[in-house]
>>> print(open('model-v1.pdb').read())   # PDB, C-alpha atoms
ATOM      1  CA  MET A1160     125.612  89.073  80.812  1.00  0.00           C
ATOM      2  CA  GLU A1161     126.389  86.197  83.127  1.00  0.00           C
ATOM      3  CA  HIS A1162     124.358  83.018  82.507  1.00  0.00           C
ATOM      4  CA  ASP A1163     122.930  82.870  86.057  1.00  0.00           C
ATOM      5  CA  TYR A1164     121.902  86.517  85.920  1.00  0.00           C
ATOM      6  CA  LYS A1165     120.046  86.009  82.623  1.00  0.00           C
ATOM      7  CA  ILE A1166     118.119  83.110  84.113  1.00  0.00           C
ATOM      8  CA  GLU A1167     117.307  84.987  87.319  1.00  0.00           C
ATOM      9  CA  LEU A1168     116.150  88.024  85.328  1.00  0.00           C
ATOM     10  CA  SER A1169     114.034  85.806  83.109  1.00  0.00           C
ATOM     11  CA  LYS A1170     112.481  84.054  86.116  1.00  0.00           C
ATOM     12  CA  ARG A1171     111.708  87.401  87.769  1.00  0.00           C
ATOM     13  CA  ARG A1172     110.002  88.694  84.625  1.00  0.00           C
ATOM     14  CA  LEU A1173     107.971  85.481  84.399  1.00  0.00           C
ATOM     15  CA  GLU A1174     106.979  85.959  88.034  1.00  0.00           C
ATOM     16  CA  ILE A1175     105.830  89.494  87.173  1.00  0.00           C
ATOM     17  CA  ALA A1176     103.762  88.064  84.296  1.00  0.00           C
ATOM     18  CA  HIS A1177     102.013  85.756  86.775  1.00  0.00           C
ATOM     19  CA  GLU A1178     101.475  88.615  89.231  1.00  0.00           C
ATOM     20  CA  ARG A1179      99.853  90.669  86.485  1.00  0.00           C
ATOM     21  CA  LEU A1180      97.570  87.768  85.548  1.00  0.00           C
ATOM     22  CA  THR A1181      96.500  87.562  89.196  1.00  0.00           C
ATOM     23  CA  THR A1182      95.855  91.313  89.299  1.00  0.00           C
ATOM     24  CA  ALA A1183      93.891  91.090  86.043  1.00  0.00           C
ATOM     25  CA  LYS A1184      91.639  88.404  87.548  1.00  0.00           C
ATOM     26  CA  ALA A1185      91.089  90.507  90.663  1.00  0.00           C
ATOM     27  CA  MET A1186      90.175  93.553  88.559  1.00  0.00           C
ATOM     28  CA  LEU A1187      87.793  91.389  86.532  1.00  0.00           C
ATOM     29  CA  GLU A1188      86.089  90.227  89.739  1.00  0.00           C
ATOM     30  CA  LEU A1189      85.788  93.864  90.886  1.00  0.00           C
ATOM     31  CA  GLY A1190      84.171  94.796  87.576  1.00  0.00           C
ATOM     32  CA  ASP A1191      87.017  97.036  86.399  1.00  0.00           C
ATOM     33  CA  TYR A1192      87.243  95.544  82.925  1.00  0.00           C
ATOM     34  CA  LYS A1193      89.559  98.186  81.474  1.00  0.00           C
ATOM     35  CA  ALA A1194      92.072  97.717  84.291  1.00  0.00           C
ATOM     36  CA  SER A1195      91.818  93.954  83.863  1.00  0.00           C
ATOM     37  CA  ALA A1196      92.492  94.195  80.120  1.00  0.00           C
ATOM     38  CA  ASN A1197      95.418  96.510  80.826  1.00  0.00           C
ATOM     39  CA  MET A1198      96.984  93.999  83.215  1.00  0.00           C
ATOM     40  CA  LEU A1199      96.432  91.160  80.739  1.00  0.00           C
ATOM     41  CA  TYR A1200      98.485  93.056  78.185  1.00  0.00           C
ATOM     42  CA  TYR A1201     101.230  93.708  80.713  1.00  0.00           C
ATOM     43  CA  ALA A1202     101.225  90.026  81.684  1.00  0.00           C
ATOM     44  CA  ILE A1203     102.052  88.931  78.140  1.00  0.00           C
ATOM     45  CA  PHE A1204     104.477  91.843  77.769  1.00  0.00           C
ATOM     46  CA  SER A1205     106.368  90.669  80.865  1.00  0.00           C
ATOM     47  CA  ALA A1206     106.337  87.114  79.502  1.00  0.00           C
ATOM     48  CA  MET A1207     107.900  88.321  76.257  1.00  0.00           C
ATOM     49  CA  ARG A1208     110.578  90.187  78.218  1.00  0.00           C
ATOM     50  CA  ALA A1209     111.236  87.000  80.232  1.00  0.00           C
ATOM     51  CA  VAL A1210     112.074  85.159  77.022  1.00  0.00           C
ATOM     52  CA  LEU A1211     114.168  88.003  75.634  1.00  0.00           C
ATOM     53  CA  ALA A1212     116.186  88.224  78.862  1.00  0.00           C
ATOM     54  CA  LEU A1213     117.859  84.968  77.836  1.00  0.00           C
ATOM     55  CA  ASP A1214     118.935  86.709  74.608  1.00  0.00           C
ATOM     56  CA  GLU A1215     120.222  89.695  76.577  1.00  0.00           C
ATOM     57  CA  PHE A1216     117.746  91.881  74.684  1.00  0.00           C
ATOM     58  CA  ASP A1217     115.583  94.639  76.089  1.00  0.00           C
ATOM     59  CA  SER A1218     114.050  97.820  74.738  1.00  0.00           C
ATOM     60  CA  LYS A1219     112.478 100.908  76.225  1.00  0.00           C
ATOM     61  CA  LYS A1220     109.824 100.718  73.509  1.00  0.00           C
ATOM     62  CA  HIS A1221     107.038  98.159  73.555  1.00  0.00           C
ATOM     63  CA  SER A1222     107.255  97.944  69.772  1.00  0.00           C
ATOM     64  CA  GLY A1223     110.906  96.877  70.056  1.00  0.00           C
ATOM     65  CA  ILE A1224     110.088  94.061  72.486  1.00  0.00           C
ATOM     66  CA  ILE A1225     107.164  92.867  70.380  1.00  0.00           C
ATOM     67  CA  ALA A1226     109.087  92.993  67.089  1.00  0.00           C
ATOM     68  CA  ARG A1227     112.067  91.085  68.479  1.00  0.00           C
ATOM     69  CA  PHE A1228     109.848  88.481  70.171  1.00  0.00           C
ATOM     70  CA  ARG A1229     107.895  87.875  66.964  1.00  0.00           C
ATOM     71  CA  GLN A1230     111.020  87.749  64.818  1.00  0.00           C
ATOM     72  CA  SER A1231     112.982  85.424  67.087  1.00  0.00           C
ATOM     73  CA  TYR A1232     110.291  83.157  68.507  1.00  0.00           C
ATOM     74  CA  ILE A1233     107.061  83.225  66.505  1.00  0.00           C
ATOM     75  CA  LYS A1234     108.273  83.570  62.911  1.00  0.00           C
ATOM     76  CA  THR A1235     110.881  80.884  63.575  1.00  0.00           C
ATOM     77  CA  GLY A1236     108.213  78.437  64.783  1.00  0.00           C
ATOM     78  CA  ILE A1237     109.645  78.146  68.292  1.00  0.00           C
ATOM     79  CA  LEU A1238     106.348  79.430  69.704  1.00  0.00           C
ATOM     80  CA  ASP A1239     102.782  79.178  68.376  1.00  0.00           C
ATOM     81  CA  THR A1240     101.757  81.672  65.684  1.00  0.00           C
ATOM     82  CA  GLU A1241      98.475  82.246  67.577  1.00  0.00           C
ATOM     83  CA  MET A1242     100.550  84.153  70.103  1.00  0.00           C
ATOM     84  CA  SER A1243     101.096  86.917  67.540  1.00  0.00           C
ATOM     85  CA  LYS A1244      97.328  87.449  67.277  1.00  0.00           C
ATOM     86  CA  ILE A1245      97.052  87.538  71.078  1.00  0.00           C
ATOM     87  CA  ILE A1246      99.705  90.259  71.178  1.00  0.00           C
ATOM     88  CA  ASP A1247      97.858  92.291  68.515  1.00  0.00           C
ATOM     89  CA  ASP A1248      94.486  91.995  70.217  1.00  0.00           C
ATOM     90  CA  LEU A1249      95.667  92.771  73.738  1.00  0.00           C
ATOM     91  CA  GLU A1250      97.790  95.682  72.545  1.00  0.00           C
ATOM     92  CA  VAL A1251      94.792  97.285  70.801  1.00  0.00           C
ATOM     93  CA  ILE A1252      92.537  96.686  73.805  1.00  0.00           C
ATOM     94  CA  ARG A1253      95.121  98.169  76.185  1.00  0.00           C
ATOM     95  CA  GLU A1254      95.596 101.259  74.028  1.00  0.00           C
ATOM     96  CA  ASP A1255      91.842 101.748  73.632  1.00  0.00           C
ATOM     97  CA  SER A1256      91.311 101.226  77.373  1.00  0.00           C
ATOM     98  CA  ASP A1257      94.050 103.707  78.249  1.00  0.00           C
ATOM     99  CA  TYR A1258      93.437 106.442  75.700  1.00  0.00           C
ATOM    100  CA  ASP A1259      89.816 106.287  74.476  1.00  0.00           C
ATOM    101  CA  ASP A1260      87.615 107.886  77.127  1.00  0.00           C
ATOM    102  CA  PHE A1261      84.499 106.302  75.603  1.00  0.00           C
ATOM    103  CA  TYR A1262      85.912 102.809  75.106  1.00  0.00           C
ATOM    104  CA  ILE A1263      83.738 100.081  76.583  1.00  0.00           C
ATOM    105  CA  ILE A1264      84.818  96.496  77.026  1.00  0.00           C
ATOM    106  CA  LEU A1265      82.412  93.804  78.111  1.00  0.00           C
ATOM    107  CA  LYS A1266      83.066  91.326  80.894  1.00  0.00           C
ATOM    108  CA  GLU A1267      82.735  88.447  78.418  1.00  0.00           C
ATOM    109  CA  ASP A1268      85.401  89.960  76.170  1.00  0.00           C
ATOM    110  CA  VAL A1269      87.807  90.366  79.069  1.00  0.00           C
ATOM    111  CA  GLU A1270      87.161  86.768  80.148  1.00  0.00           C
ATOM    112  CA  ILE A1271      88.089  85.576  76.643  1.00  0.00           C
ATOM    113  CA  GLN A1272      91.225  87.700  76.639  1.00  0.00           C
ATOM    114  CA  ALA A1273      92.133  86.396  80.102  1.00  0.00           C
ATOM    115  CA  LYS A1274      92.070  82.808  78.809  1.00  0.00           C
ATOM    116  CA  ARG A1275      94.223  83.831  75.849  1.00  0.00           C
ATOM    117  CA  ALA A1276      96.714  85.654  78.098  1.00  0.00           C
ATOM    118  CA  GLU A1277      96.900  82.624  80.404  1.00  0.00           C
ATOM    119  CA  TYR A1278      97.617  80.442  77.369  1.00  0.00           C
ATOM    120  CA  PHE A1279     100.337  82.872  76.239  1.00  0.00           C
ATOM    121  CA  VAL A1280     102.058  82.950  79.627  1.00  0.00           C
ATOM    122  CA  SER A1281     101.737  79.165  79.950  1.00  0.00           C
ATOM    123  CA  GLU A1282     103.376  78.599  76.544  1.00  0.00           C
ATOM    124  CA  VAL A1283     106.202  80.978  77.449  1.00  0.00           C
ATOM    125  CA  GLU A1284     106.654  79.286  80.812  1.00  0.00           C
ATOM    126  CA  SER A1285     106.905  75.839  79.199  1.00  0.00           C
ATOM    127  CA  TYR A1286     109.486  77.126  76.738  1.00  0.00           C
ATOM    128  CA  LEU A1287     111.475  78.829  79.489  1.00  0.00           C
ATOM    129  CA  GLN A1288     111.453  75.782  81.779  1.00  0.00           C
ATOM    130  CA  ASN A1289     113.138  73.828  78.974  1.00  0.00           C
ATOM    131  CA  GLN A1290     115.694  76.602  78.529  1.00  0.00           C
ATOM    132  CA  TYR A1291     116.437  76.838  82.239  1.00  0.00           C
ATOM    133  CA  ASN A1292     117.097  73.100  82.422  1.00  0.00           C
ATOM    134  CA  GLN A1293     119.671  73.123  79.606  1.00  0.00           C
TER     135      GLN A1293
END
>>> encode(input="model-v1.pdb", output="structure tokens")
Amino acid sequence: MEHDYKIELSKRRLEIAHERLTTAKAMLELGDYKASANMLYYAIFSAMRAVLALDEFDSKKHSGIIARFRQSYIKTGILDTEMSKIIDDLEVIREDSDYDDFYIILKEDVEIQAKRAEYFVSEVESYLQNQYNQ
């Protein structure tokens, strides 16, 4: 993959992460907490894919993206280990929101997860800005 293409793909995926954070906030304001939680998960998922674009790695399976991101960036100490917990929590919330008809999530819980997702995307963005400038 050409260097410029990898960077452009990474930047686009980071842009999508920000768009999903914005959508999550809008859904939170509308009171659709499940939809908000869903978008928070997809925001961090897009952020992970933005990082992995620089490695020319992608996967059709979420588990593949998550495993590679953890292995290459969290376990190596490049990114904060707290990010692994954020992934776990948002993945469970998204799955429960999507597949458990009786799942209830409180506004306060979504607000906490929104702050965590913003932190995640911000950490990824800082890392990527350094990579883009090299």
>>> resolve_selection(input="model-v1.pdb", expression="the PyMOL selection byres ((chain A and resi 1269-1284) around 9)", output="PyMOL selection string")
chain A and resi 1173+1176-1177+1180+1183-1184+1187+1192-1193+1195-1196+1199-1200+1202-1203+1205-1207+1209-1210+1238-1239+1241-1242+1245-1246+1248-1249+1264-1268+1285-1289
>>> closest_residue(input="model-v1.pdb", among="A:Ser1222, A:Thr1240, A:Gln1230, A:Asn1197", to="Ile1252 of chain A", atoms="all atoms listed in the file")
A:Asn1197
>>> atom_distance(input="model-v1.pdb", atom1="atom CA of His1221 of chain A", atom2="atom CA of His1162 of chain A")
24.7 Å
>>> axis_aligned_box(input="model-v1.pdb", around="segment 1177-1194 of chain A", padding_each_side="8 Å", output="lines of an AutoDock Vina configuration file")
center_x = 93.1
center_y = 92.0
center_z = 86.2
size_x = 33.8
size_y = 28.4
size_z = 25.4
>>> residues_around(input="model-v1.pdb", residues="Ile1166 of chain A", least_positions_apart="5", cutoff="12 Å", atoms="all atoms listed in the file", output="ChimeraX atom specification")
/A:1160-1161,1171-1173,1208-1215,1287-1293
>>> atom_distance(input="model-v1.pdb", atom1="atom CA of Asp1191 of chain A", atom2="atom CA of Glu1254 of chain A")
15.6 Å
